[in-house]
$ cat model_10.cif   # mmCIF, C-alpha atoms and all ligand atoms
data_query
#
loop_
_atom_site.label_atom_id
_atom_site.label_comp_id
_atom_site.auth_asym_id
_atom_site.auth_seq_id
_atom_site.Cartn_x
_atom_site.Cartn_y
_atom_site.Cartn_z
CA MET E 1 -21.39 -75.45 11.08
CA LEU E 2 -24.99 -74.19 10.86
CA VAL E 3 -24.48 -73.34 7.19
CA ALA E 4 -22.76 -76.69 6.51
CA HIS E 5 -25.68 -78.54 8.11
CA PHE E 6 -28.12 -76.49 6.02
CA ALA E 7 -26.15 -77.02 2.80
CA ARG E 8 -26.01 -80.77 3.38
CA THR E 9 -29.74 -81.05 4.13
CA VAL E 10 -30.92 -79.07 1.11
CA GLY E 11 -28.13 -80.42 -1.13
CA LEU E 12 -29.55 -83.92 -0.62
CA ALA E 13 -32.83 -82.61 -2.05
CA GLY E 14 -31.25 -81.21 -5.23
CA TYR E 15 -30.89 -77.54 -4.34
CA GLY E 16 -27.91 -75.62 -5.73
CA LEU E 17 -26.16 -72.65 -4.15
CA VAL E 18 -26.98 -69.26 -5.69
CA VAL E 19 -24.97 -66.23 -4.62
CA SER E 20 -26.90 -63.04 -5.28
CA PRO E 21 -25.60 -59.48 -4.97
CA MET E 22 -25.71 -57.62 -1.66
CA PHE E 23 -27.66 -54.73 -3.21
CA GLU E 24 -30.04 -54.22 -6.09
CA GLU E 25 -31.97 -51.44 -7.74
CA LEU E 26 -34.54 -50.26 -5.22
CA GLY E 27 -37.34 -51.33 -7.58
CA VAL E 28 -36.45 -55.03 -7.26
CA PHE E 29 -37.46 -54.93 -3.61
CA GLU E 30 -40.28 -52.43 -4.01
CA ARG E 31 -42.16 -55.02 -6.04
CA LEU E 32 -42.44 -57.02 -2.84
CA GLY E 33 -45.04 -54.46 -1.81
CA GLU E 34 -44.93 -51.10 -0.07
CA ALA E 35 -47.35 -52.28 2.61
CA THR E 36 -44.70 -54.50 4.18
CA ASP E 37 -42.37 -53.33 6.93
CA VAL E 38 -39.20 -54.67 5.34
CA VAL E 39 -39.90 -52.72 2.18
CA GLY E 40 -41.67 -49.73 3.69
CA LYS E 41 -39.92 -48.15 6.63
CA GLU E 42 -37.04 -50.59 7.18
CA MET E 43 -35.31 -50.66 3.80
CA TYR E 44 -31.63 -49.69 3.87
CA ASP E 45 -31.62 -47.60 0.68
CA PHE E 46 -29.13 -45.06 -0.66
CA HIS E 47 -28.09 -43.15 -3.79
CA ASP E 48 -24.77 -44.05 -5.41
CA LYS E 49 -22.37 -41.67 -7.22
CA GLY E 50 -24.31 -42.14 -10.46
CA ASP E 51 -27.48 -41.17 -8.57
CA ARG E 52 -28.93 -44.64 -8.91
CA HIS E 53 -31.35 -45.44 -6.11
CA LEU E 54 -30.16 -48.72 -4.58
CA ALA E 55 -31.03 -50.77 -1.54
CA LEU E 56 -29.19 -53.35 0.52
CA ARG E 57 -31.00 -56.67 0.27
CA PRO E 58 -33.76 -56.72 2.94
CA GLU E 59 -34.69 -60.39 2.42
CA GLY E 60 -33.66 -63.34 0.29
CA THR E 61 -36.46 -64.09 -2.15
CA ALA E 62 -36.55 -61.01 -4.39
CA SER E 63 -32.92 -61.33 -5.54
CA ILE E 64 -33.32 -65.02 -6.43
CA VAL E 65 -36.50 -64.33 -8.38
CA ARG E 66 -34.83 -61.36 -10.10
CA ALA E 67 -31.94 -63.67 -11.08
CA TYR E 68 -34.45 -66.21 -12.41
CA VAL E 69 -36.26 -63.57 -14.48
CA GLN E 70 -32.95 -62.31 -15.88
CA HIS E 71 -31.24 -65.65 -16.64
CA ARG E 72 -34.21 -68.02 -17.15
CA PRO E 73 -32.61 -71.25 -15.94
CA PRO E 74 -34.42 -74.52 -16.77
CA LEU E 75 -37.35 -75.32 -14.49
CA PRO E 76 -37.67 -76.37 -11.81
CA PHE E 77 -35.07 -73.94 -10.55
CA LYS E 78 -34.07 -75.06 -7.04
CA ALA E 79 -31.80 -72.63 -5.26
CA TRP E 80 -30.43 -72.21 -1.76
CA TYR E 81 -28.58 -69.31 -0.22
CA ALA E 82 -26.84 -68.23 2.96
CA ALA E 83 -26.57 -64.46 2.97
CA PRO E 84 -26.72 -61.29 5.03
CA ASN E 85 -29.85 -59.14 4.91
CA PHE E 86 -30.11 -55.55 6.03
CA ARG E 87 -32.75 -53.35 7.57
CA TYR E 88 -32.58 -49.78 8.76
CA GLU E 89 -33.89 -49.77 12.30
CA ARG E 90 -32.90 -49.64 15.94
CA ALA E 91 -30.89 -52.75 16.78
CA GLN E 92 -32.13 -54.91 19.68
CA ALA E 93 -31.66 -58.46 20.93
CA GLY E 94 -32.33 -60.84 18.06
CA ARG E 95 -32.87 -57.95 15.61
CA TYR E 96 -29.77 -56.47 13.99
CA ARG E 97 -29.27 -54.09 11.07
CA GLN E 98 -27.26 -56.84 9.43
CA HIS E 99 -28.68 -60.27 10.04
CA HIS E 100 -28.22 -63.55 8.23
CA GLN E 101 -30.59 -65.82 6.49
CA LEU E 102 -30.49 -69.38 5.18
CA GLY E 103 -33.12 -70.15 2.62
CA VAL E 104 -34.33 -72.05 -0.40
CA GLU E 105 -36.45 -70.97 -3.36
CA VAL E 106 -38.01 -73.17 -6.05
CA LEU E 107 -39.51 -71.77 -9.23
CA GLY E 108 -41.66 -73.77 -11.61
CA PRO E 109 -44.00 -76.40 -10.16
CA THR E 110 -47.45 -75.70 -8.70
CA ASP E 111 -47.60 -79.25 -7.31
CA ALA E 112 -48.64 -79.45 -3.66
CA ASP E 113 -45.96 -82.11 -3.23
CA LEU E 114 -43.40 -79.35 -3.68
CA ASP E 115 -44.99 -77.39 -0.83
CA VAL E 116 -44.66 -80.55 1.26
CA GLU E 117 -40.99 -80.91 0.26
CA VAL E 118 -40.18 -77.31 1.15
CA VAL E 119 -42.04 -77.29 4.48
CA ALA E 120 -40.52 -80.66 5.41
CA LEU E 121 -37.01 -79.41 4.53
CA ALA E 122 -37.41 -76.43 6.85
CA ALA E 123 -38.61 -78.76 9.61
CA SER E 124 -35.74 -81.13 8.98
CA VAL E 125 -33.10 -78.38 9.12
CA VAL E 126 -34.43 -77.27 12.50
CA ALA E 127 -34.80 -80.82 13.85
CA GLY E 128 -31.29 -81.66 12.66
CA LEU E 129 -29.91 -78.95 14.94
CA GLY E 130 -31.41 -80.78 17.88
CA LEU E 131 -34.20 -78.25 18.47
CA THR E 132 -37.33 -79.94 19.80
CA ARG E 133 -39.41 -76.96 20.93
CA VAL E 134 -40.18 -75.51 17.51
CA GLU E 135 -43.74 -75.49 16.26
CA MET E 136 -44.64 -75.59 12.55
CA LEU E 137 -47.57 -73.24 11.88
CA LEU E 138 -49.45 -73.61 8.62
CA ASN E 139 -52.12 -71.66 6.77
CA SER E 140 -53.37 -71.02 3.25
CA LEU E 141 -53.92 -67.51 1.94
CA GLY E 142 -55.78 -68.54 -1.18
CA ASP E 143 -54.99 -67.18 -4.63
CA GLY E 144 -56.12 -64.56 -7.11
CA ALA E 145 -59.43 -66.38 -7.53
CA CYS E 146 -60.51 -66.50 -3.91
CA ARG E 147 -58.36 -64.07 -1.95
CA PRO E 148 -59.96 -60.77 -3.08
CA ALA E 149 -63.39 -61.84 -1.76
CA TYR E 150 -61.79 -62.97 1.49
CA VAL E 151 -59.87 -59.71 1.95
CA ALA E 152 -63.09 -57.77 1.25
CA ALA E 153 -64.96 -59.83 3.87
CA LEU E 154 -62.14 -59.23 6.36
CA ALA E 155 -62.04 -55.49 5.59
CA ALA E 156 -65.81 -55.23 6.14
CA PHE E 157 -65.47 -57.10 9.45
CA LEU E 158 -62.68 -54.78 10.58
CA ALA E 159 -64.50 -51.63 9.46
CA GLU E 160 -67.27 -52.44 11.94
CA ARG E 161 -64.73 -52.76 14.74
CA GLN E 162 -62.35 -49.98 13.77
CA ASP E 163 -62.57 -48.36 17.22
CA GLN E 164 -61.54 -51.59 18.98
CA LEU E 165 -58.28 -51.93 17.03
CA CYS E 166 -54.86 -50.76 18.26
CA ASP E 167 -53.69 -47.16 17.63
CA GLN E 168 -51.77 -48.14 14.52
CA HIS E 169 -54.65 -50.01 12.93
CA GLN E 170 -57.37 -47.51 13.85
CA ARG E 171 -56.06 -45.05 11.32
CA LEU E 172 -57.81 -45.17 7.93
CA PRO E 173 -57.32 -46.35 5.28
CA LEU E 174 -56.29 -49.79 6.38
CA GLY E 175 -53.35 -50.59 4.05
CA ASN E 176 -53.50 -54.37 4.13
CA PRO E 177 -56.32 -55.74 6.32
CA LEU E 178 -54.49 -59.08 6.57
CA ARG E 179 -51.79 -57.43 8.66
CA VAL E 180 -54.32 -56.75 11.45
CA LEU E 181 -54.62 -60.52 11.95
CA ASP E 182 -50.97 -60.88 12.92
CA CYS E 183 -50.90 -57.69 15.01
CA LYS E 184 -49.51 -58.67 18.41
CA ARG E 185 -51.38 -56.01 20.41
CA ASP E 186 -54.12 -57.23 22.76
CA SER E 187 -56.78 -54.87 21.40
CA CYS E 188 -56.32 -56.11 17.82
CA ARG E 189 -56.15 -59.72 18.93
CA SER E 190 -59.39 -59.69 20.87
CA ALA E 191 -61.18 -57.63 18.20
CA THR E 192 -60.24 -60.23 15.56
CA ASP E 193 -61.03 -63.41 17.54
CA ASP E 194 -64.07 -64.08 15.36
CA ALA E 195 -62.67 -62.55 12.18
CA PRO E 196 -63.32 -64.38 8.89
CA ARG E 197 -60.63 -67.03 8.24
CA SER E 198 -58.97 -67.41 4.87
CA LEU E 199 -59.36 -71.21 5.10
CA ASP E 200 -63.15 -70.79 5.02
CA HIS E 201 -62.95 -68.69 1.86
CA LEU E 202 -60.70 -70.88 -0.30
CA CYS E 203 -61.88 -71.78 -3.79
CA GLU E 204 -61.96 -75.48 -4.61
CA PRO E 205 -58.49 -75.76 -6.20
CA CYS E 206 -56.97 -73.92 -3.22
CA ARG E 207 -58.87 -76.16 -0.80
CA ASP E 208 -57.60 -79.30 -2.58
CA HIS E 209 -54.07 -77.92 -2.63
CA PHE E 210 -54.12 -77.21 1.09
CA ALA E 211 -55.56 -80.67 1.86
CA ARG E 212 -52.78 -82.33 -0.16
CA VAL E 213 -50.13 -80.30 1.68
CA GLY E 214 -51.55 -81.40 5.05
CA ASP E 215 -51.81 -85.05 3.95
CA GLY E 216 -48.27 -85.02 2.56
CA LEU E 217 -46.80 -83.57 5.75
CA THR E 218 -48.67 -86.13 7.83
CA ALA E 219 -47.36 -88.91 5.58
CA LEU E 220 -43.81 -87.68 6.20
CA GLY E 221 -44.36 -87.41 9.94
CA VAL E 222 -43.98 -83.62 10.01
CA SER E 223 -46.31 -82.32 12.71
CA PHE E 224 -47.95 -78.94 12.20
CA THR E 225 -50.61 -76.70 13.67
CA ILE E 226 -53.06 -74.74 11.56
CA ASP E 227 -52.80 -71.07 12.49
CA THR E 228 -55.45 -68.95 10.80
CA ARG E 229 -53.72 -65.75 11.94
CA LEU E 230 -50.64 -66.63 9.97
CA VAL E 231 -50.69 -64.14 7.08
CA ARG E 232 -46.97 -63.32 6.58
CA GLY E 233 -45.72 -59.76 6.30
CA LEU E 234 -45.17 -59.86 2.55
CA ASP E 235 -47.92 -59.26 0.05
CA TYR E 236 -46.83 -61.66 -2.69
CA TYR E 237 -47.55 -64.84 -0.78
CA THR E 238 -50.30 -67.11 -2.16
CA ARG E 239 -51.75 -70.39 -0.90
CA THR E 240 -49.40 -72.23 1.47
CA THR E 241 -47.77 -70.09 4.13
CA PHE E 242 -45.86 -71.37 7.16
CA GLU E 243 -43.81 -70.24 10.08
CA LEU E 244 -41.50 -71.91 12.57
CA ALA E 245 -42.06 -70.68 16.11
CA ALA E 246 -39.48 -71.50 18.78
CA THR E 247 -41.53 -71.85 21.94
CA ALA E 248 -38.33 -71.62 24.03
CA LEU E 249 -38.13 -67.92 23.01
CA GLU E 250 -40.29 -64.98 24.05
CA SER E 251 -43.37 -64.91 21.84
CA ALA E 252 -42.75 -61.52 20.19
CA GLN E 253 -39.34 -62.75 18.94
CA ASN E 254 -39.97 -66.44 18.46
CA ALA E 255 -40.26 -66.76 14.69
CA VAL E 256 -37.07 -68.53 13.61
CA GLY E 257 -38.17 -68.76 10.01
CA GLY E 258 -41.00 -69.09 7.61
CA GLY E 259 -41.99 -69.14 4.02
CA GLY E 260 -44.64 -69.98 1.54
CA ARG E 261 -45.81 -69.79 -2.04
CA TYR E 262 -45.42 -66.63 -4.08
CA ASP E 263 -46.99 -67.61 -7.38
CA GLY E 264 -47.37 -64.01 -8.56
CA LEU E 265 -43.88 -62.66 -7.86
CA ALA E 266 -41.93 -63.67 -11.00
CA GLU E 267 -44.56 -62.06 -13.20
CA ALA E 268 -44.60 -58.93 -11.03
CA MET E 269 -40.85 -58.70 -11.64
CA GLY E 270 -41.31 -58.69 -15.39
CA GLY E 271 -40.81 -62.42 -16.01
CA PRO E 272 -43.16 -65.05 -17.39
CA PRO E 273 -45.85 -66.20 -14.95
CA THR E 274 -43.92 -68.73 -12.85
CA PRO E 275 -45.09 -70.19 -9.55
CA GLY E 276 -42.61 -70.19 -6.71
CA ILE E 277 -42.18 -71.27 -3.13
CA GLY E 278 -39.43 -70.96 -0.54
CA PHE E 279 -38.48 -70.34 3.04
CA GLY E 280 -35.94 -68.36 5.01
CA LEU E 281 -34.47 -69.12 8.42
CA GLY E 282 -32.98 -66.37 10.57
CA VAL E 283 -29.52 -67.45 11.66
CA GLU E 284 -29.36 -65.22 14.76
CA ARG E 285 -32.83 -66.32 15.90
CA LEU E 286 -31.95 -69.98 15.30
CA LEU E 287 -28.84 -69.58 17.45
CA LEU E 288 -30.90 -67.88 20.20
CA ALA E 289 -33.29 -70.85 20.08
CA CYS E 290 -30.34 -73.26 20.24
CA ASP E 291 -29.02 -71.39 23.30
CA ALA E 292 -32.45 -71.46 24.92
CA GLU E 293 -32.70 -75.23 24.40
CA GLU E 294 -29.01 -75.72 25.16
CA VAL E 295 -28.32 -77.63 21.97
CA LEU E 296 -25.62 -77.11 19.34
CA ALA E 297 -22.73 -76.75 21.79
CA ALA E 298 -19.18 -76.27 20.52
CA PRO E 299 -18.98 -77.29 16.87
CA LYS E 300 -17.74 -80.81 16.36
CA GLY E 301 -14.36 -81.14 14.63
CA SER E 302 -14.45 -81.53 10.91
CA VAL E 303 -11.43 -83.82 10.51
CA ASP E 304 -11.14 -87.57 11.01
CA VAL E 305 -7.39 -87.84 11.30
CA PHE E 306 -4.72 -85.74 13.04
CA VAL E 307 -1.07 -86.23 12.16
CA VAL E 308 1.40 -85.96 15.04
CA ASP E 309 4.94 -85.60 13.73
CA THR E 310 7.97 -85.04 16.02
CA THR E 311 10.55 -85.46 13.25
CA GLY E 312 10.39 -81.92 11.90
CA GLY E 313 7.07 -81.92 10.11
CA GLY E 314 8.04 -83.30 6.69
CA GLU E 315 6.00 -86.46 7.18
CA ALA E 316 3.04 -84.45 8.50
CA LEU E 317 3.16 -82.33 5.35
CA ARG E 318 3.09 -85.39 3.06
CA LEU E 319 0.64 -87.48 5.10
CA THR E 320 -2.02 -84.79 5.51
CA ASP E 321 -1.79 -84.10 1.77
CA GLU E 322 -2.22 -87.81 0.92
CA LEU E 323 -5.19 -88.14 3.26
CA ARG E 324 -6.91 -85.02 1.92
CA ARG E 325 -6.41 -86.12 -1.69
CA ALA E 326 -8.03 -89.41 -0.70
CA GLY E 327 -11.04 -87.50 0.61
CA ILE E 328 -10.24 -88.00 4.31
CA GLY E 329 -10.42 -84.91 6.56
CA ALA E 330 -6.97 -84.41 8.07
CA ASP E 331 -5.15 -81.77 10.08
CA ARG E 332 -1.79 -81.36 11.83
CA ALA E 333 0.06 -79.04 14.17
CA PHE E 334 2.60 -76.46 13.01
CA ASP E 335 5.74 -74.84 14.48
CA ALA E 336 7.36 -78.13 15.63
CA ARG E 337 5.35 -78.27 18.86
CA SER E 338 6.11 -80.86 21.54
CA MET E 339 4.51 -84.32 21.33
CA LYS E 340 2.27 -83.40 24.28
CA ALA E 341 1.09 -80.17 22.65
CA GLN E 342 0.42 -82.00 19.38
CA PHE E 343 -1.71 -84.65 21.13
CA LYS E 344 -3.65 -81.90 22.87
CA ALA E 345 -4.34 -80.33 19.47
CA ALA E 346 -5.35 -83.75 18.13
CA ASP E 347 -7.95 -84.12 20.92
CA ARG E 348 -9.30 -80.62 20.29
CA SER E 349 -9.63 -81.32 16.57
CA GLY E 350 -12.27 -83.97 17.20
CA ALA E 351 -10.35 -86.48 15.06
CA ARG E 352 -10.98 -90.21 15.60
CA LEU E 353 -7.44 -91.25 14.75
CA ALA E 354 -3.94 -89.87 15.22
CA LEU E 355 -1.12 -90.87 12.90
CA VAL E 356 2.06 -90.63 14.95
CA VAL E 357 5.47 -90.22 13.36
CA GLY E 358 8.53 -90.24 15.67
CA GLU E 359 12.21 -90.94 14.94
CA ARG E 360 11.64 -94.68 15.33
CA GLU E 361 8.69 -94.81 12.92
CA LEU E 362 10.65 -92.73 10.45
CA ALA E 363 13.62 -95.12 10.65
CA GLU E 364 11.42 -98.22 10.35
CA GLY E 365 9.24 -96.84 7.57
CA THR E 366 6.09 -97.12 9.69
CA VAL E 367 3.42 -94.88 11.16
CA ALA E 368 1.77 -95.51 14.55
CA VAL E 369 -2.01 -95.41 14.13
CA ARG E 370 -3.63 -94.42 17.41
CA ASP E 371 -7.32 -94.64 18.16
CA LEU E 372 -8.04 -91.41 20.07
CA ILE E 373 -11.14 -92.83 21.69
CA ASP E 374 -9.75 -96.02 23.29
CA GLY E 375 -6.05 -95.12 23.12
CA ASP E 376 -4.99 -98.29 21.26
CA GLN E 377 -1.92 -97.81 19.10
CA GLU E 378 -0.48 -100.02 16.37
CA PRO E 379 2.39 -99.66 13.90
CA VAL E 380 1.40 -99.80 10.24
CA GLY E 381 3.70 -99.88 7.21
CA ARG E 382 4.02 -96.45 5.61
CA ASP E 383 2.56 -97.68 2.32
CA ASP E 384 -0.45 -99.26 4.03
CA VAL E 385 -1.47 -96.19 6.02
CA LEU E 386 -4.26 -94.99 3.71
CA ALA E 387 -5.90 -98.40 3.45
CA ASP E 388 -5.61 -98.88 7.22
CA VAL E 389 -7.15 -95.47 8.00
CA ARG E 390 -10.02 -96.13 5.58
CA LYS E 391 -10.73 -99.44 7.29
CA ARG E 392 -10.88 -97.86 10.74
CA LEU E 393 -13.07 -94.83 9.92
ZN ZN E 401 -53.00 -53.66 15.61
ZN ZN E 402 -58.21 -70.02 -4.56
#
$ encode --input "model_10.cif" --output "structure tokens" --more "lines below"
Ligand SMILES: [Zn+2]
Ligand SMILES: [Zn+2]
Amino acid sequence: MLVAHFARTVGLAGYGLVVSPMFEELGVFERLGEATDVVGKEMYDFHDKGDRHLALRPEGTASIVRAYVQHRPPLPFKAWYAAPNFRYERAQAGRYRQHHQLGVEVLGPTDADLDVEVVALAASVVAGLGLTRVEMLLNSLGDGACRPAYVAALAAFLAERQDQLCDQHQRLPLGNPLRVLDCKRDSCRSATDDAPRSLDHLCEPCRDHFARVGDGLTALGVSFTIDTRLVRGLDYYTRTTFELAATALESAQNAVGGGGRYDGLAEAMGGPPTPGIGFGLGVERLLLACDAEEVLAAPKGSVDVFVVDTTGGGEALRLTDELRRAGIGADRAFDARSMKAQFKAADRSGARLALVVGERELAEGTVAVRDLIDGDQEPVGRDDVLADVRKRL
């Protein structure tokens, strides 16, 4: 149901399903950057019988970009996926060794309108689930032109306050100074309150890009909060970066998804320089957020019509087939259950209509069409059933 909702939302925006392999050569993921947790200490890697060093997919983007580099589909390449990811770590609530991700990736355009589309899609998936307490956090990390100077300024700032940082970040050398900004420990947080912000160091094209993203989101009615600490754990992100925080969840575990631009990744994987952007949503986290907000109760039924047949099931077999061929969701009971049991099943199915076939209907060549909401029932000629059902749905 979650996946179907996701597929429908992104399908309407022109994204196609891409199924990528569960594992890849270790190197595919290593290009994401050793300084990241998912690639550093959490990767689920192993040697196969041919002594190849492989890893179970730790996240969704690398495999899609690898597939793009290998197959070079026409641009823009708009892909979505729903797939398990793996990490080697101690399992805890909301963090499992196998977890599931829904995501999109687009390769090709640098247009800020695409950033708007992707951020708005993520917001719309979450809103469509009925979640209202999810905050969209937005930042820009700059690009190859402006980021190095910013990272140097940040590193210099941190070097002066090395002794105020948390145990992990006090150790030299500081791998990626950006990571200190999203450190959750109090000491790091207070030491970086006045740290240089990437937004103040953007070059002009990056500044324009970020302004257009903000304007576009506002035009679409997507509310967002600028969060200058939002740096993302992965090193290949450039410019737009965003995260969805479920405020109904505890703050250390409240990121239900996030994404951003990764304009340098395709080239780093051996392909032509190709900008890219995407997002991933954590299925387990999303479900925790749904529980916390008490939305997304039992999945609604996926059929419109339920066929109740007490004459042996032959009519149910033919009628459900006719309905399905006509594009109408239909189900039936099996094992010649009693009329009462079949109506119970019809209610559970979530169908709007029941088509009832008893001995009398069979003899008269009719079907009783029953509205399961108001209980009204009317006989309809067997040949007119499809047209009648279409009219009522
Ligand atoms: Zn820290
Ligand atoms: Zn820049």
$ atom_distance --input "model_10.cif" --atom1 "CA of Leu121 (chain E)" --atom2 "CA of Ser223 (chain E)"
12.7 Å
$ residues_around --input "model_10.cif" --residues "region 140-147 of chain E" --least-positions-apart "2" --cutoff "9 Å" --atoms "all atoms listed in the file" --output "list in words"
Leu138, Ala149, Tyr150, Val151, Ala152, Ser198, Leu199, His201, Leu202, Cys203, Cys206, Arg207, Phe210, Thr228, Leu230, Val231, Tyr237, Thr238, Arg239, Thr240, Thr241, Phe242, Gly260, Asp263 and Gly264 of chain E
$ atom_distance --input "model_10.cif" --atom1 "CA of Val69 (chain E)" --atom2 "CA of Glu24 (chain E)"
14.0 Å
$ residues_near_ligand --input "model_10.cif" --ligand "ligand ZN 401 (chain E)" --cutoff "10 Å" --atoms "all atoms listed in the file" --output "VMD selection string"
chain E and resid 164 to 170 179 to 189 191 to 192
$ atom_distance --input "model_10.cif" --atom1 "CA of Ser190 (chain E)" --atom2 "CA of Glu160 (chain E)"
13.9 Å
$ residues_near_point --input "model_10.cif" --point "(-48.2, -76.6, -2.6)" --cutoff "9 Å" --atoms "only C-alpha atoms" --output "list of chain:residue names"
E:Pro109, E:Thr110, E:Asp111, E:Ala112, E:Asp113, E:Leu114, E:Asp115, E:Val116, E:Glu117, E:Val118, E:His209, E:Phe210, E:Arg212, E:Val213, E:Arg239, E:Thr240, E:Gly260, E:Arg261, E:Ile277
$ residues_around --input "model_10.cif" --residues "Ser20 (chain E)" --least-positions-apart "3" --cutoff "12 Å" --atoms "only C-alpha atoms" --output "MDAnalysis selection string"
chainID E and resid 17 23:24 56:57 59:68 79:85
$ closest_residue --input "model_10.cif" --among "E:Leu281, E:Glu42, E:Gly214, E:Glu135" --to "Ala91 (chain E)" --atoms "only C-alpha atoms"
E:Glu42
$ residues_around --input "model_10.cif" --residues "Phe334 (chain E)" --least-positions-apart "5" --cutoff "10 Å" --atoms "all atoms listed in the file" --output "list in words"
Val308, Asp309, Gly312, Gly313, Ala316, Leu317 and Gln342 of chain E
$ build_atoms --input "model_10.cif" --residues "region 248-260 of chain E" --atoms "N, CA, C and O atoms" --output "tab-separated table (two decimals), in the frame of the given file"
chain	number	residue	atom	x	y	z
E	248	ALA	N	-39.30	-71.90	22.95
E	248	ALA	CA	-38.33	-71.62	24.03
E	248	ALA	C	-38.02	-70.12	24.08
E	248	ALA	O	-37.41	-69.65	25.04
E	249	LEU	N	-38.41	-69.36	23.04
E	249	LEU	CA	-38.13	-67.92	23.01
E	249	LEU	C	-39.40	-67.13	23.35
E	249	LEU	O	-40.51	-67.63	23.20
E	250	GLU	N	-39.18	-65.88	23.75
E	250	GLU	CA	-40.29	-64.98	24.05
E	250	GLU	C	-41.17	-64.83	22.80
E	250	GLU	O	-40.66	-64.73	21.68
E	251	SER	N	-42.49	-64.77	22.99
E	251	SER	CA	-43.37	-64.91	21.84
E	251	SER	C	-43.25	-63.81	20.78
E	251	SER	O	-43.45	-64.06	19.60
E	252	ALA	N	-42.85	-62.59	21.19
E	252	ALA	CA	-42.75	-61.52	20.19
E	252	ALA	C	-41.54	-61.75	19.27
E	252	ALA	O	-41.48	-61.21	18.18
E	253	GLN	N	-40.58	-62.56	19.69
E	253	GLN	CA	-39.34	-62.75	18.94
E	253	GLN	C	-39.13	-64.22	18.61
E	253	GLN	O	-37.99	-64.65	18.46
E	254	ASN	N	-40.21	-65.00	18.53
E	254	ASN	CA	-39.97	-66.44	18.46
E	254	ASN	C	-40.02	-67.05	17.06
E	254	ASN	O	-39.85	-68.23	16.91
E	255	ALA	N	-40.24	-66.22	16.04
E	255	ALA	CA	-40.26	-66.76	14.69
E	255	ALA	C	-38.82	-67.00	14.23
E	255	ALA	O	-38.05	-66.06	14.07
E	256	VAL	N	-38.43	-68.26	14.07
E	256	VAL	CA	-37.07	-68.53	13.61
E	256	VAL	C	-37.02	-68.64	12.09
E	256	VAL	O	-35.94	-68.66	11.50
E	257	GLY	N	-38.18	-68.69	11.46
E	257	GLY	CA	-38.17	-68.76	10.01
E	257	GLY	C	-39.57	-68.93	9.50
E	257	GLY	O	-40.52	-69.09	10.27
E	258	GLY	N	-39.68	-68.90	8.19
E	258	GLY	CA	-41.00	-69.09	7.61
E	258	GLY	C	-40.90	-68.97	6.11
E	258	GLY	O	-39.84	-68.66	5.55
E	259	GLY	N	-42.01	-69.24	5.47
E	259	GLY	CA	-41.99	-69.14	4.02
E	259	GLY	C	-43.36	-69.41	3.45
E	259	GLY	O	-44.36	-69.37	4.17
E	260	GLY	N	-43.37	-69.70	2.17
E	260	GLY	CA	-44.64	-69.98	1.54
E	260	GLY	C	-44.56	-69.80	0.04
E	260	GLY	O	-43.49	-69.53	-0.52
